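A.B. asks: Quick one: the structure is below, questions incoming.
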Amino acid sequence: MNRRRCLKVLGYGLFVTAMAVFCVCFSDRGEKEDDSLRIASFQVLQQGEEISAVCFDKERVWVGGNDGIRLYDPVTRKVVQTVDGVEMIYSAGMRQTPDGSMWIGHEDGLTRIDEFGSRSEYRAPDIPKGRVNTVEWDQEAVWIGTYSGAAKLEPGKNGWEVTEIRNRATGLVSDSVNVIRSVGDTLWFASYLDTKNGGITVVSDRGSQTITVEDGLVHPYVTSLLPLADGRMLAGCGYMNTGGLAVIAGEDGVYQVTETYGKEDGLPGEKIRFLYQDAFGYLWITTEYDGIVIFNPKTSKSLYFTEEHGLSDNEIKCMTETEEAYWLGGKYGLTVIPKEEIQMRMGL
């Protein structure tokens with residue numbers, strides 16, 4: 001029998017305010033996997049292709065890969081449309097705004113496709129140069145991040161216009177902006193590939209604050225941010241075989257790292273690749289090389305999946321969900337997992 005390990009993490013709960021402690025337990029990967037672990041309902045599409053961003057627009061699943069963007073019917077899982085001429089590599093972002101526009105961050109800048117299919121392009125020097133890594137909506141404006149800074153875009157008389165640029169000179173901890181998250185009136189900017197100045201900048205009407213390794217962050221490279229219902233923020237960090245998970249809590253606009261977790265505490269791998277909370281409240285933690293963990297805070301039940309179980313590969317970089325399934329973008333393909341499969345395995 002495989003050795004069991006347990007990761008203690010502060011419970012978050014979808015609507016829980018109490019600070020409870022729970023354990024995520026899963027099998028160690030020390031023993032050889034075999035074909036009996038494969039799950040028949042897992043379907044891999046675009047085998048061998050790198051998937052960098054996914055987004056569900058309530059009708060179709062947008063999948064961004066090295067060769068452009070494909071739109072899938074969520075039920076038949078067939079490609080119904082393609083978007084050519086957009087190079088999506090690594091951690092490029094994708095986000096839909098309430099006006100029906102899809103915003104796509106990529107190697108050449110930012111592309112907006114409106115509800116009628118018309119395209120608008122934004123490139124340096126109008127936006128910071130470099131690949132657009134992340135796209136966020138703050139309920140009023142679009143924010144994008146590159147390795148040279150962040151930009152805010154708002155609707156104006158001549159369409160969407162860049163109205164603000166942020167970088168290290170204007171208060172960010174780093175010019176590199178890999179992830180942006182909006183929570184209420186607060187914006188979180190996280191960097192990557194900046195060892196010297198890397199970390200997180202939290203900006204609100206109350207001011208700004210930086211959180212770095214000196215403040216307890218587990219690694220200066222931040223790959224993902226996940227806001228929790230109780231006000232805390234999870235930060236996935238790392239590079240190759242280093243990193244971990246940080247829990248950040250704040251009061252009156254002052255934030256601090258309250259807990260950190262690594263492989264020695266039970267995470268399946270050192271570097272956290274992506275964090276996601278689904279419609280059921282399950283927490284998904286993906287890693288660079290070691291698969292994914294799914295945790296149900298209501299029952300403390302957890303699931304652990306790798307390529308041997310049917311994932312396209314062990315590095316899941318992004319995900320979204322439809323009514324019927326989860327769509328996971330990986331380094332080497334797109335994995336579709338029926339929700340009923342996860343519910344059954346969770347014992348629900």
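Quick note on naming: the chains in the structure tokens go A, B, ... in the order shown, residues restart at 1 in each chain, and ligands are numbered from 1 in order of appearance.
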Would you pick out the contacts of Thr186 in chain A at 12 Å or less, using only C-alpha atoms, so that residues sharing its chain but fewer than 5 positions from it are not included, and give the list as a PyMOL selection string?
C.D. replies: chain A and resi 137-139+180-181+201-209+227+231+233+250+252-255
A.B. asks: I want to know what sits within 9 Å of range 159-170 of chain A, based on only C-alpha atoms, with residues of the same chain fewer than 4 positions away left out; could you give that as a list in words?
C.D. replies: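 Listed by chain and then number, they are Ser120, Tyr122, Asp126, Ile127, Pro128, Ser148, Gly149, Ala150, Ala151, Lys152, Leu153, Glu154, Pro155, Ser174, Asp175, Ser176 and Val177 of chain A.
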A.B. asks: For the selection just defined, write its residues with N, CA, C and O atoms to a file, as a short mmCIF file (atom, residue, chain, number, x, y, z; two decimals), in the first residue's frame.
C.D. replies:
```
data_model
loop_
_atom_site.label_atom_id
_atom_site.label_comp_id
_atom_site.auth_asym_id
_atom_site.auth_seq_id
_atom_site.Cartn_x
_atom_site.Cartn_y
_atom_site.Cartn_z
N SER A 120 -10.08 44.02 -32.45
CA SER A 120 -9.27 45.20 -32.17
C SER A 120 -7.95 44.71 -31.60
O SER A 120 -7.92 43.77 -30.79
N TYR A 122 -4.20 45.63 -29.68
CA TYR A 122 -3.48 46.56 -28.81
C TYR A 122 -2.04 46.05 -28.67
O TYR A 122 -1.81 44.91 -28.26
N ASP A 126 1.41 51.30 -26.95
CA ASP A 126 0.15 51.66 -26.28
C ASP A 126 -0.05 50.85 -25.01
O ASP A 126 -0.65 51.33 -24.04
N ILE A 127 0.43 49.62 -25.01
CA ILE A 127 0.44 48.80 -23.80
C ILE A 127 1.89 48.40 -23.54
O ILE A 127 2.73 48.46 -24.44
N PRO A 128 2.24 48.01 -22.32
CA PRO A 128 3.62 47.59 -22.05
C PRO A 128 4.04 46.47 -22.98
O PRO A 128 3.26 45.57 -23.29
N SER A 148 6.59 43.80 -18.73
CA SER A 148 7.05 45.19 -18.65
C SER A 148 6.09 46.10 -17.91
O SER A 148 6.30 47.31 -17.86
N GLY A 149 5.04 45.52 -17.33
CA GLY A 149 4.09 46.34 -16.58
C GLY A 149 2.65 45.92 -16.82
O GLY A 149 2.37 44.90 -17.47
N ALA A 150 1.73 46.71 -16.30
CA ALA A 150 0.29 46.45 -16.41
C ALA A 150 -0.39 47.64 -17.06
O ALA A 150 0.09 48.77 -16.98
N ALA A 151 -1.53 47.37 -17.72
CA ALA A 151 -2.29 48.44 -18.35
C ALA A 151 -3.76 48.27 -18.03
O ALA A 151 -4.28 47.16 -17.93
N LYS A 152 -4.45 49.42 -17.91
CA LYS A 152 -5.89 49.45 -17.68
C LYS A 152 -6.57 49.96 -18.95
O LYS A 152 -6.15 50.95 -19.54
N LEU A 153 -7.62 49.26 -19.39
CA LEU A 153 -8.37 49.67 -20.57
C LEU A 153 -9.82 49.90 -20.19
O LEU A 153 -10.44 49.07 -19.51
N GLU A 154 -10.36 51.05 -20.62
CA GLU A 154 -11.74 51.41 -20.32
C GLU A 154 -12.47 51.81 -21.59
O GLU A 154 -11.86 52.31 -22.54
N PRO A 155 -13.79 51.62 -21.63
CA PRO A 155 -14.55 52.04 -22.81
C PRO A 155 -14.62 53.56 -22.89
O PRO A 155 -14.87 54.24 -21.90
N SER A 174 7.37 44.93 -9.02
CA SER A 174 8.18 44.52 -10.16
C SER A 174 7.52 44.99 -11.45
O SER A 174 6.30 45.14 -11.52
N ASP A 175 8.32 45.20 -12.50
CA ASP A 175 7.76 45.48 -13.82
C ASP A 175 7.05 44.24 -14.37
O ASP A 175 6.11 44.35 -15.16
N SER A 176 7.51 43.09 -13.97
CA SER A 176 6.92 41.84 -14.43
C SER A 176 5.55 41.64 -13.79
O SER A 176 5.43 41.63 -12.56
N VAL A 177 4.51 41.47 -14.61
CA VAL A 177 3.16 41.22 -14.10
C VAL A 177 2.64 39.94 -14.75
O VAL A 177 2.32 39.91 -15.94
#
```
A.B. asks: Name the residues of range 90-191 of chain A that fall into strand (DSSP E or B) according to DSSP on the backbone, using the chain letters and numbers of this document, as a ChimeraX atom specification.
C.D. replies: /A:94-96,102-106,109-113,119-122,134-137,142-146,149-156,159-166,179-183,186-190
A.B. asks: Could you tell me how far CA of Glu115 in chain A lies from CA of Trp143 in chain A, in Å and to one decimal?
C.D. replies: 19.4 Å
A.B. asks: Taking into account only C-alpha atoms, which residue in the set A:Leu217, A:Lys157, A:Ser52, A:Val222 is nearest to Asp194 in chain A?
C.D. replies: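 Of the candidates, the smallest distance to Asp194 in chain A is held by A:Val222.
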A.B. asks: Could you give me, as a ChimeraX atom specification, the residues within 10 Å of Tyr282 in chain A, counting only C-alpha atoms and dropping anything in the same chain fewer than 5 positions from it?
C.D. replies: /A:13-14,276-277,293-298,301-302
A.B. asks: I'd like to know which of A:Asp99, A:Glu315, A:Glu59, A:Glu251 is closest to Val80 in chain A, using only C-alpha atoms.
C.D. replies: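 That would be A:Glu59, the residue with the smallest distance to Val80 in chain A.
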A.B. asks: Go through A:Gly198, A:Gly156, A:Pro98, A:Gly93 one by one, measure the shortest atom-to-atom distance of each to Glu136 in chain A using only C-alpha atoms, and give the residue with the smallest value.
C.D. replies: A:Gly93
A.B. asks: Residues near Pro220 in chain A, anyone? I mean within 10 Å using only C-alpha atoms, not counting same-chain ones fewer than 6 positions away, as a CSV table (one decimal) with C-alpha atoms, in the first residue's frame.
C.D. replies:
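Saved as result.csv:
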```csv
chain,number,residue,atom,x,y,z
A,190,ALA,CA,1.9,39.2,-9.0
A,191,SER,CA,5.2,38.9,-10.8
A,192,TYR,CA,7.2,36.1,-12.4
A,193,LEU,CA,10.8,35.7,-13.6
A,194,ASP,CA,12.0,38.5,-11.3
A,195,THR,CA,14.2,37.0,-8.7
A,196,LYS,CA,15.4,40.2,-7.2
A,197,ASN,CA,12.2,42.2,-7.0
A,198,GLY,CA,9.6,39.5,-7.4
A,199,GLY,CA,6.4,39.2,-5.3
A,200,ILE,CA,2.9,40.7,-4.9
A,211,ILE,CA,4.6,41.1,-0.2
A,212,THR,CA,7.9,39.4,-1.0
A,213,VAL,CA,10.0,36.5,0.1
A,214,GLU,CA,11.3,38.7,2.9
A,237,CYS,CA,4.5,30.0,-6.4
A,238,GLY,CA,7.6,28.4,-7.8
A,239,TYR,CA,10.0,27.6,-10.6
A,243,GLY,CA,8.1,26.7,-4.7
```
A.B. asks: Write out as a PDB file with all heavy atoms, in the first residue's frame the set of residues from range 105-328 of chain A that DSSP, computed on the backbone, places in helix (DSSP H, G or I).
C.D. replies:
```
ATOM      1  N   ARG A 168       7.009  49.238 -12.015  1.00  0.00           N
ATOM      2  CA  ARG A 168       7.786  49.433 -10.787  1.00  0.00           C
ATOM      3  C   ARG A 168       7.938  50.916 -10.453  1.00  0.00           C
ATOM      4  O   ARG A 168       7.910  51.300  -9.279  1.00  0.00           O
ATOM      5  CB  ARG A 168       9.157  48.767 -10.955  1.00  0.00           C
ATOM      6  CG  ARG A 168      10.036  48.852  -9.726  1.00  0.00           C
ATOM      7  CD  ARG A 168      11.239  47.925  -9.840  1.00  0.00           C
ATOM      8  NE  ARG A 168      12.211  48.167  -8.799  1.00  0.00           N
ATOM      9  CZ  ARG A 168      12.113  47.735  -7.542  1.00  0.00           C
ATOM     10  NH1 ARG A 168      11.058  47.018  -7.189  1.00  0.00           N
ATOM     11  NH2 ARG A 168      13.042  48.004  -6.657  1.00  0.00           N
ATOM     12  N   ALA A 169       8.044  51.758 -11.472  1.00  0.00           N
ATOM     13  CA  ALA A 169       8.218  53.192 -11.238  1.00  0.00           C
ATOM     14  C   ALA A 169       6.978  53.830 -10.626  1.00  0.00           C
ATOM     15  O   ALA A 169       7.067  54.880  -9.983  1.00  0.00           O
ATOM     16  CB  ALA A 169       8.564  53.890 -12.556  1.00  0.00           C
ATOM     17  N   THR A 170       5.812  53.192 -10.814  1.00  0.00           N
ATOM     18  CA  THR A 170       4.573  53.752 -10.267  1.00  0.00           C
ATOM     19  C   THR A 170       4.046  52.939  -9.085  1.00  0.00           C
ATOM     20  O   THR A 170       2.871  53.056  -8.734  1.00  0.00           O
ATOM     21  CB  THR A 170       3.494  53.832 -11.362  1.00  0.00           C
ATOM     22  OG1 THR A 170       3.242  52.531 -11.900  1.00  0.00           O
ATOM     23  CG2 THR A 170       3.927  54.766 -12.464  1.00  0.00           C
ATOM     24  N   VAL A 213       9.448  37.623  -0.644  1.00  0.00           N
ATOM     25  CA  VAL A 213      10.032  36.514   0.118  1.00  0.00           C
ATOM     26  C   VAL A 213      10.429  36.974   1.507  1.00  0.00           C
ATOM     27  O   VAL A 213      10.307  36.226   2.493  1.00  0.00           O
ATOM     28  CB  VAL A 213      11.244  35.937  -0.654  1.00  0.00           C
ATOM     29  CG1 VAL A 213      11.991  34.921   0.210  1.00  0.00           C
ATOM     30  CG2 VAL A 213      10.790  35.289  -1.953  1.00  0.00           C
ATOM     31  N   GLU A 214      10.887  38.197   1.628  1.00  0.00           N
ATOM     32  CA  GLU A 214      11.251  38.735   2.945  1.00  0.00           C
ATOM     33  C   GLU A 214      10.050  38.823   3.876  1.00  0.00           C
ATOM     34  O   GLU A 214      10.208  38.828   5.101  1.00  0.00           O
ATOM     35  CB  GLU A 214      11.900  40.109   2.785  1.00  0.00           C
ATOM     36  CG  GLU A 214      13.244  40.073   2.076  1.00  0.00           C
ATOM     37  CD  GLU A 214      13.857  41.454   1.953  1.00  0.00           C
ATOM     38  OE1 GLU A 214      13.177  42.445   2.323  1.00  0.00           O
ATOM     39  OE2 GLU A 214      15.020  41.542   1.501  1.00  0.00           O
ATOM     40  N   ASP A 215       8.864  38.897   3.296  1.00  0.00           N
ATOM     41  CA  ASP A 215       7.636  38.952   4.097  1.00  0.00           C
ATOM     42  C   ASP A 215       7.009  37.578   4.301  1.00  0.00           C
ATOM     43  O   ASP A 215       5.912  37.471   4.857  1.00  0.00           O
ATOM     44  CB  ASP A 215       6.615  39.866   3.411  1.00  0.00           C
ATOM     45  CG  ASP A 215       7.155  41.263   3.186  1.00  0.00           C
ATOM     46  OD1 ASP A 215       7.604  41.883   4.173  1.00  0.00           O
ATOM     47  OD2 ASP A 215       7.146  41.722   2.024  1.00  0.00           O
ATOM     48  N   LYS A 263       6.146  20.645  -0.634  1.00  0.00           N
ATOM     49  CA  LYS A 263       6.072  19.204  -0.850  1.00  0.00           C
ATOM     50  C   LYS A 263       6.289  18.440   0.451  1.00  0.00           C
ATOM     51  O   LYS A 263       5.697  17.383   0.664  1.00  0.00           O
ATOM     52  CB  LYS A 263       7.114  18.788  -1.892  1.00  0.00           C
ATOM     53  CG  LYS A 263       6.993  17.335  -2.322  1.00  0.00           C
ATOM     54  CD  LYS A 263       7.931  17.011  -3.474  1.00  0.00           C
ATOM     55  CE  LYS A 263       7.748  15.556  -3.902  1.00  0.00           C
ATOM     56  NZ  LYS A 263       8.650  15.224  -5.052  1.00  0.00           N
ATOM     57  N   GLU A 264       7.128  18.994   1.315  1.00  0.00           N
ATOM     58  CA  GLU A 264       7.381  18.320   2.590  1.00  0.00           C
ATOM     59  C   GLU A 264       6.142  18.274   3.474  1.00  0.00           C
ATOM     60  O   GLU A 264       6.042  17.452   4.397  1.00  0.00           O
ATOM     61  CB  GLU A 264       8.531  19.011   3.338  1.00  0.00           C
ATOM     62  CG  GLU A 264       8.241  20.430   3.801  1.00  0.00           C
ATOM     63  CD  GLU A 264       8.451  21.484   2.735  1.00  0.00           C
ATOM     64  OE1 GLU A 264       8.693  21.101   1.561  1.00  0.00           O
ATOM     65  OE2 GLU A 264       8.388  22.684   3.061  1.00  0.00           O
ATOM     66  N   ASP A 265       5.162  19.144   3.197  1.00  0.00           N
ATOM     67  CA  ASP A 265       3.909  19.149   3.951  1.00  0.00           C
ATOM     68  C   ASP A 265       2.835  18.301   3.288  1.00  0.00           C
ATOM     69  O   ASP A 265       1.748  18.129   3.840  1.00  0.00           O
ATOM     70  CB  ASP A 265       3.378  20.580   4.082  1.00  0.00           C
ATOM     71  CG  ASP A 265       4.354  21.493   4.794  1.00  0.00           C
ATOM     72  OD1 ASP A 265       4.722  21.166   5.937  1.00  0.00           O
ATOM     73  OD2 ASP A 265       4.753  22.508   4.205  1.00  0.00           O
ATOM     74  N   GLU A 307      -0.916  11.870 -15.136  1.00  0.00           N
ATOM     75  CA  GLU A 307      -1.018  11.385 -16.506  1.00  0.00           C
ATOM     76  C   GLU A 307      -1.425   9.918 -16.540  1.00  0.00           C
ATOM     77  O   GLU A 307      -2.148   9.476 -17.440  1.00  0.00           O
ATOM     78  CB  GLU A 307       0.335  11.571 -17.201  1.00  0.00           C
ATOM     79  CG  GLU A 307       0.336  11.225 -18.676  1.00  0.00           C
ATOM     80  CD  GLU A 307       1.674  11.539 -19.330  1.00  0.00           C
ATOM     81  OE1 GLU A 307       2.558  12.097 -18.645  1.00  0.00           O
ATOM     82  OE2 GLU A 307       1.818  11.220 -20.523  1.00  0.00           O
ATOM     83  N   GLU A 308      -0.998   9.140 -15.541  1.00  0.00           N
ATOM     84  CA  GLU A 308      -1.338   7.726 -15.488  1.00  0.00           C
ATOM     85  C   GLU A 308      -2.840   7.487 -15.307  1.00  0.00           C
ATOM     86  O   GLU A 308      -3.365   6.447 -15.680  1.00  0.00           O
ATOM     87  CB  GLU A 308      -0.568   7.030 -14.354  1.00  0.00           C
ATOM     88  CG  GLU A 308       0.901   6.792 -14.639  1.00  0.00           C
ATOM     89  CD  GLU A 308       1.738   8.044 -14.490  1.00  0.00           C
ATOM     90  OE1 GLU A 308       1.224   9.045 -13.932  1.00  0.00           O
ATOM     91  OE2 GLU A 308       2.908   8.035 -14.930  1.00  0.00           O
ATOM     92  N   HIS A 309      -3.530   8.479 -14.735  1.00  0.00           N
ATOM     93  CA  HIS A 309      -4.980   8.363 -14.569  1.00  0.00           C
ATOM     94  C   HIS A 309      -5.750   8.795 -15.811  1.00  0.00           C
ATOM     95  O   HIS A 309      -6.956   8.561 -15.906  1.00  0.00           O
ATOM     96  CB  HIS A 309      -5.449   9.210 -13.382  1.00  0.00           C
ATOM     97  CG  HIS A 309      -4.910   8.766 -12.059  1.00  0.00           C
ATOM     98  ND1 HIS A 309      -3.724   9.238 -11.547  1.00  0.00           N
ATOM     99  CD2 HIS A 309      -5.396   7.883 -11.144  1.00  0.00           C
ATOM    100  CE1 HIS A 309      -3.501   8.678 -10.366  1.00  0.00           C
ATOM    101  NE2 HIS A 309      -4.486   7.856 -10.094  1.00  0.00           N
TER     102      HIS A 309
END
```
